[in-house]
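This is my_file_37.txt (compact mmCIF, C-alpha atoms).
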# COMPACT_ATOMS: atom_id res chain seq x y z
CA MET A 1 -36.39 -17.14 4.35
CA PRO A 2 -35.98 -18.09 0.73
CA GLY A 3 -38.68 -17.49 -1.75
CA GLY A 4 -39.30 -16.12 -5.19
CA ALA A 5 -36.41 -16.51 -7.61
CA PHE A 6 -34.38 -18.81 -5.33
CA GLU A 7 -37.25 -21.23 -4.67
CA ASP A 8 -38.09 -21.20 -8.38
CA ALA A 9 -34.45 -21.92 -9.31
CA LEU A 10 -34.17 -24.73 -6.74
CA ASP A 11 -37.49 -26.30 -7.76
CA GLY A 12 -36.59 -26.03 -11.43
CA LEU A 13 -33.16 -27.60 -11.06
CA GLU A 14 -34.51 -30.44 -8.90
CA SER A 15 -37.19 -31.14 -11.49
CA LEU A 16 -34.67 -31.04 -14.34
CA CYS A 17 -32.35 -33.49 -12.55
CA ALA A 18 -35.18 -35.86 -11.67
CA GLY A 19 -36.52 -36.24 -15.19
CA GLY A 20 -34.16 -38.79 -16.75
CA VAL A 21 -31.23 -37.54 -18.79
CA ALA A 22 -30.69 -33.79 -18.51
CA ARG A 23 -28.89 -31.65 -21.09
CA ALA A 24 -25.60 -30.21 -19.85
CA ASP A 25 -26.40 -26.65 -20.95
CA GLN A 26 -29.73 -26.73 -19.08
CA VAL A 27 -28.09 -28.00 -15.87
CA ASP A 28 -25.42 -25.32 -16.17
CA LYS A 29 -28.09 -22.64 -16.66
CA GLY A 30 -30.02 -23.96 -13.65
CA LEU A 31 -26.93 -23.89 -11.41
CA ARG A 32 -26.14 -20.32 -12.45
CA ALA A 33 -29.71 -19.24 -11.69
CA LEU A 34 -29.52 -20.94 -8.29
CA SER A 35 -26.24 -19.24 -7.42
CA ALA A 36 -27.41 -15.80 -8.59
CA ALA A 37 -30.67 -15.96 -6.62
CA ARG A 38 -29.18 -17.31 -3.38
CA PRO A 39 -30.52 -15.27 -0.41
CA LEU A 40 -28.66 -14.26 2.75
CA GLU A 41 -31.06 -16.36 4.79
CA MET A 42 -32.65 -19.66 3.89
CA SER A 43 -34.40 -22.42 5.79
CA ALA A 44 -32.53 -25.52 6.96
CA ASP A 45 -34.64 -27.56 4.51
CA ALA A 46 -33.71 -25.37 1.54
CA LEU A 47 -30.03 -25.47 2.51
CA ARG A 48 -30.10 -29.28 2.69
CA ARG A 49 -31.92 -29.55 -0.63
CA MET A 50 -29.37 -27.30 -2.33
CA LEU A 51 -26.33 -29.17 -0.98
CA LEU A 52 -27.75 -32.65 -1.57
CA LEU A 53 -28.64 -31.70 -5.15
CA CYS A 54 -25.08 -30.46 -5.71
CA TYR A 55 -23.76 -33.73 -4.24
CA ARG A 56 -25.84 -35.72 -6.73
CA ILE A 57 -24.75 -33.62 -9.71
CA ALA A 58 -21.10 -34.01 -8.66
CA GLY A 59 -21.50 -37.74 -7.98
CA ILE A 60 -20.56 -37.28 -4.32
CA ASP A 61 -23.64 -38.85 -2.73
CA GLY A 62 -27.01 -40.24 -3.74
CA PRO A 63 -28.13 -41.31 -7.23
CA ARG A 64 -25.97 -39.41 -9.69
CA VAL A 65 -27.77 -37.10 -12.07
CA ALA A 66 -27.63 -38.37 -15.65
CA ILE A 67 -26.29 -35.56 -17.84
CA ASP A 68 -25.94 -35.60 -21.61
CA ALA A 69 -22.81 -33.57 -22.39
CA SER A 70 -22.29 -34.79 -25.95
CA GLY A 71 -20.99 -31.86 -27.98
CA GLN A 72 -21.17 -29.63 -24.91
CA GLU A 73 -17.71 -29.88 -23.37
CA ARG A 74 -17.71 -26.28 -22.20
CA ALA A 75 -21.07 -26.73 -20.45
CA ARG A 76 -19.80 -29.93 -18.78
CA GLN A 77 -16.75 -28.13 -17.42
CA SER A 78 -18.91 -25.22 -16.30
CA ILE A 79 -21.18 -27.59 -14.35
CA GLY A 80 -18.22 -28.86 -12.34
CA TYR A 81 -17.07 -25.31 -11.64
CA MET A 82 -20.54 -24.10 -10.61
CA VAL A 83 -21.17 -27.05 -8.28
CA ASP A 84 -17.79 -26.52 -6.61
CA GLN A 85 -18.50 -22.80 -6.30
CA ILE A 86 -21.95 -23.24 -4.74
CA ILE A 87 -20.63 -25.76 -2.20
CA GLU A 88 -17.60 -23.58 -1.40
CA ASP A 89 -19.75 -20.47 -0.98
CA THR A 90 -21.97 -22.46 1.40
CA LEU A 91 -19.13 -23.64 3.64
CA LYS A 92 -17.18 -20.39 4.08
CA ASP A 93 -17.91 -16.75 4.75
CA ARG A 94 -17.34 -15.75 1.14
CA GLY A 95 -17.62 -12.06 1.92
CA GLY A 96 -15.09 -12.09 4.77
CA PHE A 97 -12.09 -10.79 2.83
CA ASN A 98 -14.30 -8.42 0.86
CA ARG A 99 -15.76 -6.89 4.05
CA GLY A 100 -12.39 -6.62 5.74
CA PHE A 101 -10.94 -4.71 2.79
CA ILE A 102 -13.93 -2.38 2.45
CA GLU A 103 -14.15 -1.69 6.18
CA GLY A 104 -10.39 -1.05 6.29
CA GLN A 105 -10.69 1.44 3.43
CA ALA A 106 -13.63 3.13 5.16
CA ALA A 107 -11.61 3.42 8.38
CA ARG A 108 -8.72 4.95 6.43
CA GLU A 109 -11.05 7.52 4.85
CA ALA A 110 -12.42 8.37 8.29
CA ALA A 111 -8.90 8.71 9.73
CA LEU A 112 -8.02 11.14 6.95
CA GLY A 113 -11.15 13.17 7.66
CA ARG A 114 -12.84 12.31 4.40
CA ALA A 115 -16.43 11.24 3.97
CA GLY A 116 -16.89 7.62 2.90
CA SER A 117 -18.03 6.95 -0.64
CA ASP A 118 -21.18 4.98 -1.33
CA GLU A 119 -19.31 3.28 -4.16
CA LEU A 120 -16.96 1.76 -1.58
CA PHE A 121 -19.80 -0.39 -0.25
CA ALA A 122 -21.29 -1.27 -3.64
CA HIS A 123 -19.72 -4.76 -3.54
CA TYR A 124 -20.12 -5.38 0.19
CA ILE A 125 -21.12 -9.02 0.81
CA PRO A 126 -22.92 -9.54 4.14
CA ARG A 127 -22.43 -12.71 6.16
CA TYR A 128 -24.75 -15.60 5.37
CA SER A 129 -26.99 -16.92 8.15
CA VAL A 130 -26.76 -20.70 8.49
CA PRO A 131 -29.79 -22.22 10.26
CA LEU A 132 -27.94 -25.34 11.46
CA THR A 133 -26.15 -26.44 14.60
CA VAL A 134 -22.80 -28.23 14.51
CA ALA A 135 -24.62 -31.48 15.30
CA GLU A 136 -26.92 -30.93 12.29
CA ALA A 137 -24.19 -29.74 9.95
CA GLY A 138 -21.91 -32.73 10.64
CA PRO A 139 -24.09 -35.39 8.94
CA LEU A 140 -24.88 -33.00 6.07
CA LEU A 141 -21.17 -32.50 5.35
CA ALA A 142 -20.20 -36.14 5.93
CA PRO A 143 -20.56 -37.23 2.25
CA TYR A 144 -18.52 -34.23 1.10
CA LEU A 145 -15.74 -34.92 3.61
CA ARG A 146 -15.70 -38.60 2.61
CA ALA A 147 -15.26 -37.50 -1.03
CA LEU A 148 -12.42 -35.17 -0.02
CA GLU A 149 -10.65 -37.99 1.78
CA ALA A 150 -11.18 -40.37 -1.12
CA GLY A 151 -9.58 -37.79 -3.41
CA MET A 152 -6.55 -37.69 -1.12
CA SER A 153 -5.73 -41.28 -2.02
CA GLU A 154 -4.85 -40.09 -5.54
CA HIS A 155 -3.78 -36.51 -4.75
CA ARG A 156 -2.74 -36.28 -1.12
CA HIS A 157 -3.08 -32.49 -1.03
CA ALA A 158 -6.50 -32.42 -2.72
CA HIS A 159 -8.33 -31.33 0.45
CA LEU A 160 -6.13 -28.36 1.30
CA ARG A 161 -7.73 -25.69 -0.87
CA ILE A 162 -11.25 -25.87 0.59
CA CYS A 163 -9.99 -26.53 4.14
CA TRP A 164 -7.77 -23.45 3.95
CA LYS A 165 -10.65 -21.29 2.74
CA VAL A 166 -13.02 -22.55 5.43
CA LEU A 167 -10.51 -21.76 8.18
CA GLU A 168 -9.47 -18.47 6.57
CA HIS A 169 -13.06 -17.24 6.27
CA PRO A 170 -14.87 -19.18 9.02
CA LEU A 171 -18.62 -19.59 8.92
CA PRO A 172 -20.32 -21.35 11.84
CA PRO A 173 -21.22 -24.14 12.11
CA PHE A 174 -19.24 -25.48 9.15
CA GLU A 175 -15.88 -24.28 10.46
CA GLN A 176 -16.16 -26.52 13.52
CA VAL A 177 -17.15 -29.53 11.39
CA PHE A 178 -13.99 -29.05 9.30
CA ARG A 179 -11.83 -28.55 12.39
CA ASP A 180 -13.15 -31.80 13.90
CA TRP A 181 -12.51 -33.68 10.64
CA LEU A 182 -8.98 -32.28 10.25
CA ALA A 183 -8.21 -33.15 13.88
CA GLU A 184 -9.40 -36.69 13.11
CA LEU A 185 -6.93 -36.85 10.20
CA ASP A 186 -4.17 -35.89 12.66
CA ALA A 187 -5.31 -38.59 15.08
CA ARG A 188 -5.13 -41.17 12.27
CA GLY A 189 -1.67 -40.01 11.24
CA ILE A 190 -2.79 -38.64 7.87
CA PRO A 191 -0.60 -35.66 6.80
CA GLY A 192 -2.13 -32.27 6.16
CA GLY A 193 -4.54 -32.17 9.10
CA LEU A 194 -5.41 -29.42 11.55
CA LYS A 195 -1.92 -29.07 13.03
CA ALA A 196 -0.29 -28.50 9.63
CA ILE A 197 -2.91 -26.03 8.41
CA THR A 198 -2.96 -24.12 11.71
CA ARG A 199 0.81 -23.75 11.68
CA ALA A 200 0.93 -22.82 8.01
CA ARG A 201 -1.70 -20.11 8.57
CA ALA A 202 0.31 -18.73 11.48
CA LEU A 203 3.43 -18.58 9.31
CA VAL A 204 1.53 -16.73 6.58
CA ALA A 205 0.33 -14.20 9.14
CA MET A 206 3.93 -13.66 10.27
CA ALA A 207 5.16 -13.22 6.71
CA GLU A 208 2.38 -10.79 5.83
CA ALA A 209 2.76 -8.71 8.98
CA GLY A 210 6.46 -8.26 8.24
CA ARG A 211 7.18 -6.93 11.73
CA GLN A 212 8.45 -10.06 13.46
CA HIS A 213 12.08 -10.02 14.54
CA ILE A 214 13.95 -13.26 14.95
CA GLY A 215 17.60 -14.07 15.60
CA TRP A 216 19.77 -16.00 13.16
CA GLU A 217 20.56 -18.76 15.68
CA GLU A 218 16.88 -19.67 15.90
CA ILE A 219 16.55 -19.57 12.11
CA GLU A 220 19.53 -21.89 11.62
CA THR A 221 18.84 -24.36 14.40
CA THR A 222 15.03 -24.47 14.34
CA LEU A 223 13.63 -23.26 11.02
CA LEU A 224 16.10 -24.29 8.32
CA PRO A 225 16.00 -28.04 9.17
CA GLN A 226 12.22 -27.97 8.82
CA LEU A 227 12.33 -26.86 5.20
CA SER A 228 12.87 -30.46 4.12
CA SER A 229 11.33 -32.33 7.05
CA GLU A 230 7.90 -30.76 7.49
CA HIS A 231 4.67 -31.15 5.51
CA PRO A 232 5.15 -29.36 2.13
CA MET A 233 2.55 -26.74 3.02
CA VAL A 234 4.30 -25.94 6.30
CA ALA A 235 7.70 -25.90 4.58
CA ALA A 236 6.42 -23.56 1.87
CA THR A 237 4.83 -21.09 4.29
CA LEU A 238 7.89 -21.25 6.55
CA SER A 239 10.03 -20.39 3.53
CA ARG A 240 7.66 -17.53 2.71
CA PHE A 241 8.39 -16.16 6.18
CA LEU A 242 12.12 -16.52 5.56
CA GLY A 243 11.77 -14.75 2.22
CA ALA A 244 10.02 -11.85 3.93
CA LEU A 245 12.88 -11.68 6.47
CA TYR A 246 15.45 -11.53 3.67
CA ALA A 247 13.60 -8.76 1.86
CA GLU A 248 14.99 -5.27 2.27
CA GLY A 249 18.49 -6.57 2.88
CA GLY A 250 17.58 -8.85 5.78
CA ARG A 251 16.93 -5.93 8.16
CA ARG A 252 14.18 -7.88 9.91
CA ILE A 253 16.65 -10.50 11.16
CA GLN A 254 18.15 -9.47 14.50
CA GLY A 255 21.85 -8.82 13.95
CA GLY A 256 21.40 -9.51 10.23
CA PRO A 257 21.55 -12.85 8.40
CA ALA A 258 24.67 -14.98 8.93
CA TRP A 259 24.06 -16.46 5.48
CA PRO A 260 24.14 -14.05 2.54
CA LEU A 261 21.22 -14.31 0.14
CA ASP A 262 23.26 -16.36 -2.35
CA ARG A 263 23.93 -19.04 0.24
CA MET A 264 20.27 -19.22 1.25
CA LEU A 265 19.24 -19.64 -2.39
CA ASP A 266 21.86 -22.36 -2.87
CA HIS A 267 20.60 -24.12 0.25
CA ILE A 268 17.07 -24.13 -1.14
CA ALA A 269 18.23 -25.51 -4.50
CA GLU A 270 19.95 -28.42 -2.73
CA LEU A 271 17.06 -29.47 -0.46
CA PRO A 272 16.36 -33.21 -0.67
CA GLU A 273 12.61 -32.68 -0.10
CA ASN A 274 10.10 -29.87 -0.71
CA ARG A 275 12.52 -28.05 -3.01
CA ARG A 276 9.99 -26.52 -5.38
CA PRO A 277 7.40 -25.55 -2.71
CA VAL A 278 10.16 -23.99 -0.58
CA ALA A 279 11.57 -22.04 -3.54
CA GLY A 280 8.12 -20.75 -4.45
CA GLY A 281 7.43 -19.80 -0.85
CA PHE A 282 10.73 -17.95 -0.51
CA LEU A 283 10.08 -15.94 -3.69
CA ASN A 284 6.57 -15.19 -2.45
CA GLY A 285 7.91 -13.71 0.78
CA TYR A 286 10.90 -11.99 -0.81
CA GLY A 287 8.82 -10.16 -3.41
CA ASP A 288 5.12 -10.35 -2.54
CA PHE A 289 4.24 -8.09 -5.47
CA GLY A 290 5.52 -8.10 -9.02
CA ASP A 291 8.26 -10.41 -10.24
CA PRO A 292 10.57 -11.61 -7.42
CA LEU A 293 12.95 -13.26 -9.90
CA HIS A 294 13.43 -9.87 -11.53
CA ALA A 295 14.01 -8.38 -8.08
CA LEU A 296 16.69 -11.02 -7.40
CA ARG A 297 18.43 -10.20 -10.69
CA ASN A 298 18.67 -6.60 -9.52
CA ASP A 299 19.63 -7.35 -5.91
CA PRO A 300 23.30 -6.48 -5.33
CA GLY A 301 23.46 -9.29 -2.78
CA VAL A 302 22.84 -11.92 -5.46
CA GLY A 303 25.88 -13.05 -7.43
CA LEU A 304 24.72 -16.47 -8.57
CA ASP A 305 23.47 -17.29 -12.05
CA LEU A 306 19.71 -17.09 -11.60
CA ASP A 307 18.90 -19.22 -14.66
CA THR A 308 21.10 -22.01 -13.34
CA TRP A 309 19.45 -21.70 -9.92
CA VAL A 310 15.96 -22.06 -11.43
CA LEU A 311 17.03 -25.20 -13.28
CA ALA A 312 18.56 -26.60 -10.08
CA VAL A 313 15.27 -26.10 -8.23
CA LEU A 314 13.31 -27.78 -11.02
CA ALA A 315 15.80 -30.66 -11.17
CA ASP A 316 14.21 -32.46 -8.22
CA ASN A 317 11.47 -33.51 -10.71
CA HIS A 318 8.82 -33.88 -8.02
CA PRO A 319 5.38 -32.70 -9.20
CA GLU A 320 4.36 -29.40 -7.63
CA PRO A 321 1.09 -29.74 -5.71
CA TYR A 322 -1.36 -26.93 -5.04
CA LEU A 323 -0.46 -25.63 -1.58
CA PRO A 324 -2.42 -22.76 -0.05
CA GLY A 325 -0.48 -20.04 1.74
CA ALA A 326 2.44 -19.73 -0.66
CA GLN A 327 2.73 -19.20 -4.40
CA ALA A 328 3.95 -22.09 -6.53
CA PHE A 329 7.47 -21.94 -7.98
CA TRP A 330 6.32 -22.65 -11.55
CA PHE A 331 4.10 -19.55 -11.38
CA TYR A 332 7.09 -17.25 -10.92
CA VAL A 333 9.05 -19.13 -13.57
CA HIS A 334 6.42 -18.65 -16.27
CA GLU A 335 5.77 -15.03 -15.25
CA HIS A 336 9.49 -14.24 -15.50
CA TYR A 337 10.53 -16.21 -18.59
CA TRP A 338 7.49 -15.67 -20.85
CA ALA A 339 9.69 -13.72 -23.31
CA SER A 340 12.95 -15.67 -22.88
CA PRO A 341 12.86 -18.34 -25.60
CA GLU A 342 16.51 -19.29 -25.12
CA PHE A 343 15.92 -20.21 -21.49
CA VAL A 344 12.67 -22.02 -22.30
CA MET A 345 14.60 -24.14 -24.81
CA ARG A 346 16.87 -25.06 -21.88
CA LEU A 347 13.78 -26.11 -19.93
CA ILE A 348 12.80 -28.42 -22.79
CA ASP A 349 16.33 -29.83 -22.99
CA ALA A 350 16.12 -30.61 -19.26
CA GLY A 351 12.76 -32.37 -19.68
CA HIS A 352 10.62 -29.71 -18.00
CA LEU A 353 8.01 -29.70 -20.74
CA TRP A 354 5.05 -28.52 -18.69
CA GLU A 355 6.94 -25.55 -17.28
CA ALA A 356 8.17 -24.74 -20.79
CA LEU A 357 4.60 -24.85 -22.08
CA MET A 358 3.45 -22.45 -19.32
CA CYS A 359 6.18 -19.98 -20.32
CA ALA A 360 5.52 -20.28 -24.04
CA THR A 361 1.74 -19.85 -23.74
CA GLU A 362 1.75 -16.94 -21.28
CA GLN A 363 1.83 -14.17 -23.92
CA PRO A 364 2.72 -15.77 -27.26
CA ASN A 365 3.37 -13.10 -29.88
CA GLU A 366 6.13 -11.88 -32.17
CA THR A 367 7.69 -9.89 -29.32
CA SER A 368 7.90 -12.91 -26.99
CA GLY A 369 9.84 -14.93 -29.56
CA MET A 370 8.02 -18.11 -28.52
CA GLU A 371 6.91 -19.39 -31.91
CA PRO A 372 9.93 -21.72 -32.37
CA VAL A 373 9.50 -22.94 -28.80
CA LEU A 374 5.85 -23.77 -29.44
CA ARG A 375 6.78 -25.57 -32.65
CA ARG A 376 9.26 -27.71 -30.78
CA LEU A 377 6.70 -28.51 -28.08
CA ALA A 378 4.07 -29.26 -30.71
CA ALA A 379 6.36 -31.94 -32.13
CA CYS A 380 7.26 -33.55 -28.79
CA ASP A 381 6.23 -37.06 -27.73
CA GLU A 382 4.08 -35.89 -24.78
CA ALA A 383 0.60 -35.92 -26.33
CA GLU A 384 -1.11 -33.42 -24.03
CA ILE A 385 1.79 -30.98 -24.19
CA ALA A 386 1.92 -31.27 -27.99
CA ARG A 387 -1.83 -30.74 -28.33
CA SER A 388 -1.79 -27.62 -26.14
CA ALA A 389 1.20 -26.22 -28.02
CA ARG A 390 -0.51 -26.77 -31.38
CA GLU A 391 -3.68 -25.05 -30.16
CA CYS A 392 -1.65 -22.08 -28.92
CA LEU A 393 0.20 -21.88 -32.24
CA GLN A 394 -3.06 -21.80 -34.16
CA ARG A 395 -4.41 -18.99 -31.97
CA ALA A 396 -1.26 -16.85 -31.72
CA PHE A 397 0.27 -17.51 -35.14
CA PRO A 398 -2.66 -18.47 -37.38
CA GLU A 399 -0.71 -18.18 -40.62
CA GLY A 400 1.75 -20.91 -39.70
CA GLY A 401 0.43 -22.49 -36.59
CA SER A 402 -0.59 -25.89 -37.93
CA ALA A 403 2.77 -27.57 -37.45
CA GLY A 404 3.15 -30.82 -35.55
Full structure transcribed into structure tokens:
Amino acid sequence: MPGGAFEDALDGLESLCAGGVARADQVDKGLRALSAARPLEMSADALRRMLLLCYRIAGIDGPRVAIDASGQERARQSIGYMVDQIIEDTLKDRGGFNRGFIEGQAAREAALGRAGSDELFAHYIPRYSVPLTVAEAGPLLAPYLRALEAGMSEHRHAHLRICWKVLEHPLPPFEQVFRDWLAELDARGIPGGLKAITRARALVAMAEAGRQHIGWEEIETTLLPQLSSEHPMVAATLSRFLGALYAEGGRRIQGGPAWPLDRMLDHIAELPENRRPVAGGFLNGYGDFGDPLHALRNDPGVGLDLDTWVLAVLADNHPEPYLPGAQAFWFYVHEHYWASPEFVMRLIDAGHLWEALMCATEQPNETSGMEPVLRRLAACDEAEIARSARECLQRAFPEGGSAG
């Protein structure tokens, strides 16, 4: 049961937040102490106190904590991050992936006849013990789930990140509470519920395993139509599976692909819906490591102009949401074109200012050639883009970075 440093941190933070207006740096310090001292086991009362306090600090439920953040912007941002992190670490088995990797490495060492290293287990994170039943956890999570759903009214995919993590690294009883809530979203006809996440997770597993064999007829008649008709998360993870099938010359497709890689890429660039998520998913599956756009440039099966293809994908002009299970398209664009100022100028000409900014600020230096790009962005009419470009200029090119 909790005691010592954790109880002191919890008592101290509660006292700080109950005493009128609290300084942002002190709240941030208190949250960090609470997170660092968190034990593997705590009482139900301590768990409730910790979550309810986080809810109040985040403005999710109860009287919101008054915080003075004047002149402390970094501390204010850190508070939001720490609250999110504490809640997230409470709802999922945060050591699940860590343990799986370590135990897999230990099994490999044993299979090779080598003694395991103590260093291998230095970062092992045991599973937390949650002293609540599903019936008790439901009401405790209700304010948080209401806040998630409220956020969906502005950003309809806002709930996916935490839901994905909870289902990926399940921790009873919270996993069941999330499953029940997601099933309720399905019952109310709200996209992105349990059915979509369950299917997307299954598609990711297929893409990562890389051993599934499927015939082209099923791909063409069943899977391809769904790239533009399914939930964006499902479409993206489905495309990740297709990208994995096309890797290594399409050898994983029974009888080989009827469409050459060029035609598949053209098909993606012409999709009426989900174009960017599908393109990002396909690249994710095609080249899970490194730079898949570079791999495409060097693939003898690709004869199309890759720069033109990238612009065609971006031309749908739909904002790219965060979608778990597949990498975003813009990520590969900025990783590939960070030192291609001529292409980034084409992005600006086409109105893709944010993507251009991501490319220009990835590694801005004399080698990247991005100084003129940043100057052009710094002088653009989009205030936030211009501000970010000016800040990057001042950091990367201090002698002449005050333009704009």
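Neighbours of Tyr144 (chain A) closer than or equal to 8 Å, with only C-alpha atoms counted and sequence neighbours fewer than 2 positions away skipped, come out as A:Tyr55, A:Ile60, A:Asp61, A:Leu141, A:Ala142, A:Arg146, A:Ala147, A:Leu148.
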Output the selection as a PDB file, in the frame of the given file - C-alpha atoms for each residue.
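Final output, part18.pdb:
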ATOM      1  CA  TYR A  55     -23.760 -33.730  -4.240  1.00  0.00           C
ATOM      2  CA  ILE A  60     -20.560 -37.280  -4.320  1.00  0.00           C
ATOM      3  CA  ASP A  61     -23.640 -38.850  -2.730  1.00  0.00           C
ATOM      4  CA  LEU A 141     -21.170 -32.500   5.350  1.00  0.00           C
ATOM      5  CA  ALA A 142     -20.200 -36.140   5.930  1.00  0.00           C
ATOM      6  CA  ARG A 146     -15.700 -38.600   2.610  1.00  0.00           C
ATOM      7  CA  ALA A 147     -15.260 -37.500  -1.030  1.00  0.00           C
ATOM      8  CA  LEU A 148     -12.420 -35.170  -0.020  1.00  0.00           C
TER       9      LEU A 148
END
Exercise for the section: Write out as a PyMOL selection string the residues lying within 10 Å of region 11-17 of chain A, counting only C-alpha atoms and excluding same-chain residues fewer than 2 positions away. Expected result: chain A and resi 5-9+19-23+26-31+33-34+49-50+53-54+56-57+64-67
Exercise for the section: Grab the CA of Ile162 (chain A) to CA of Glu230 (chain A) distance for me, in Å with one decimal place. Expected result: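 We find that CA of Ile162 (chain A) and CA of Glu230 (chain A) lie 20.9 Å from each other.
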Problem - Residues near Gln77 (chain A), cut-off 12 Å, only C-alpha atoms, skip fewer than 6 positions along chain, as a ChimeraX atom specification - result: /A:24-25,27-28,58,69,71,83-84
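Here CA of Asp262 (chain A) and CA of Ser229 (chain A) stand 22.0 Å from one another.
Separating CA of Phe174 (chain A) from CA of Pro277 (chain A) is a distance of 29.2 Å.
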Exercise for the section: Check the smallest atom-to-atom distance from each of A:Glu41, A:Asp89, A:Asp68, A:Glu184 to Tyr128 (chain A) using only C-alpha atoms, then report the winner. Expected result: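 Ranked by minimum distance to Tyr128 (chain A), first place goes to A:Glu41.
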Handout entry: Given only C-alpha atoms as the counted atoms, nearest of A:Glu217, A:Asp186, A:Glu273, A:Glu384 to Asp316 (chain A)
Key = A:Glu273
Starting from 5 Å padding per side, set up an axis-aligned box that covers all listed atoms of region 74-91 of chain A and hand over centre and edge lengths in Å, one decimal, as lines of an AutoDock Vina configuration file.
center_x = -19.4
center_y = -25.2
center_z = -9.3
size_x = 15.2
size_y = 19.5
size_z = 35.8
Problem - Nearest-residue call for Leu52 (chain A), choices A:Pro39, A:Gly100, A:Pro139, A:Pro260, using all atoms listed in the file - result: A:Pro139
Practice task
May I have the residues at most 9 Å from (20.6, -26.9, -8.1) in the file's coordinates, counting all atoms listed in the file, as an NGL selection string?
Solution key: :A and (266-271 or 308-316)
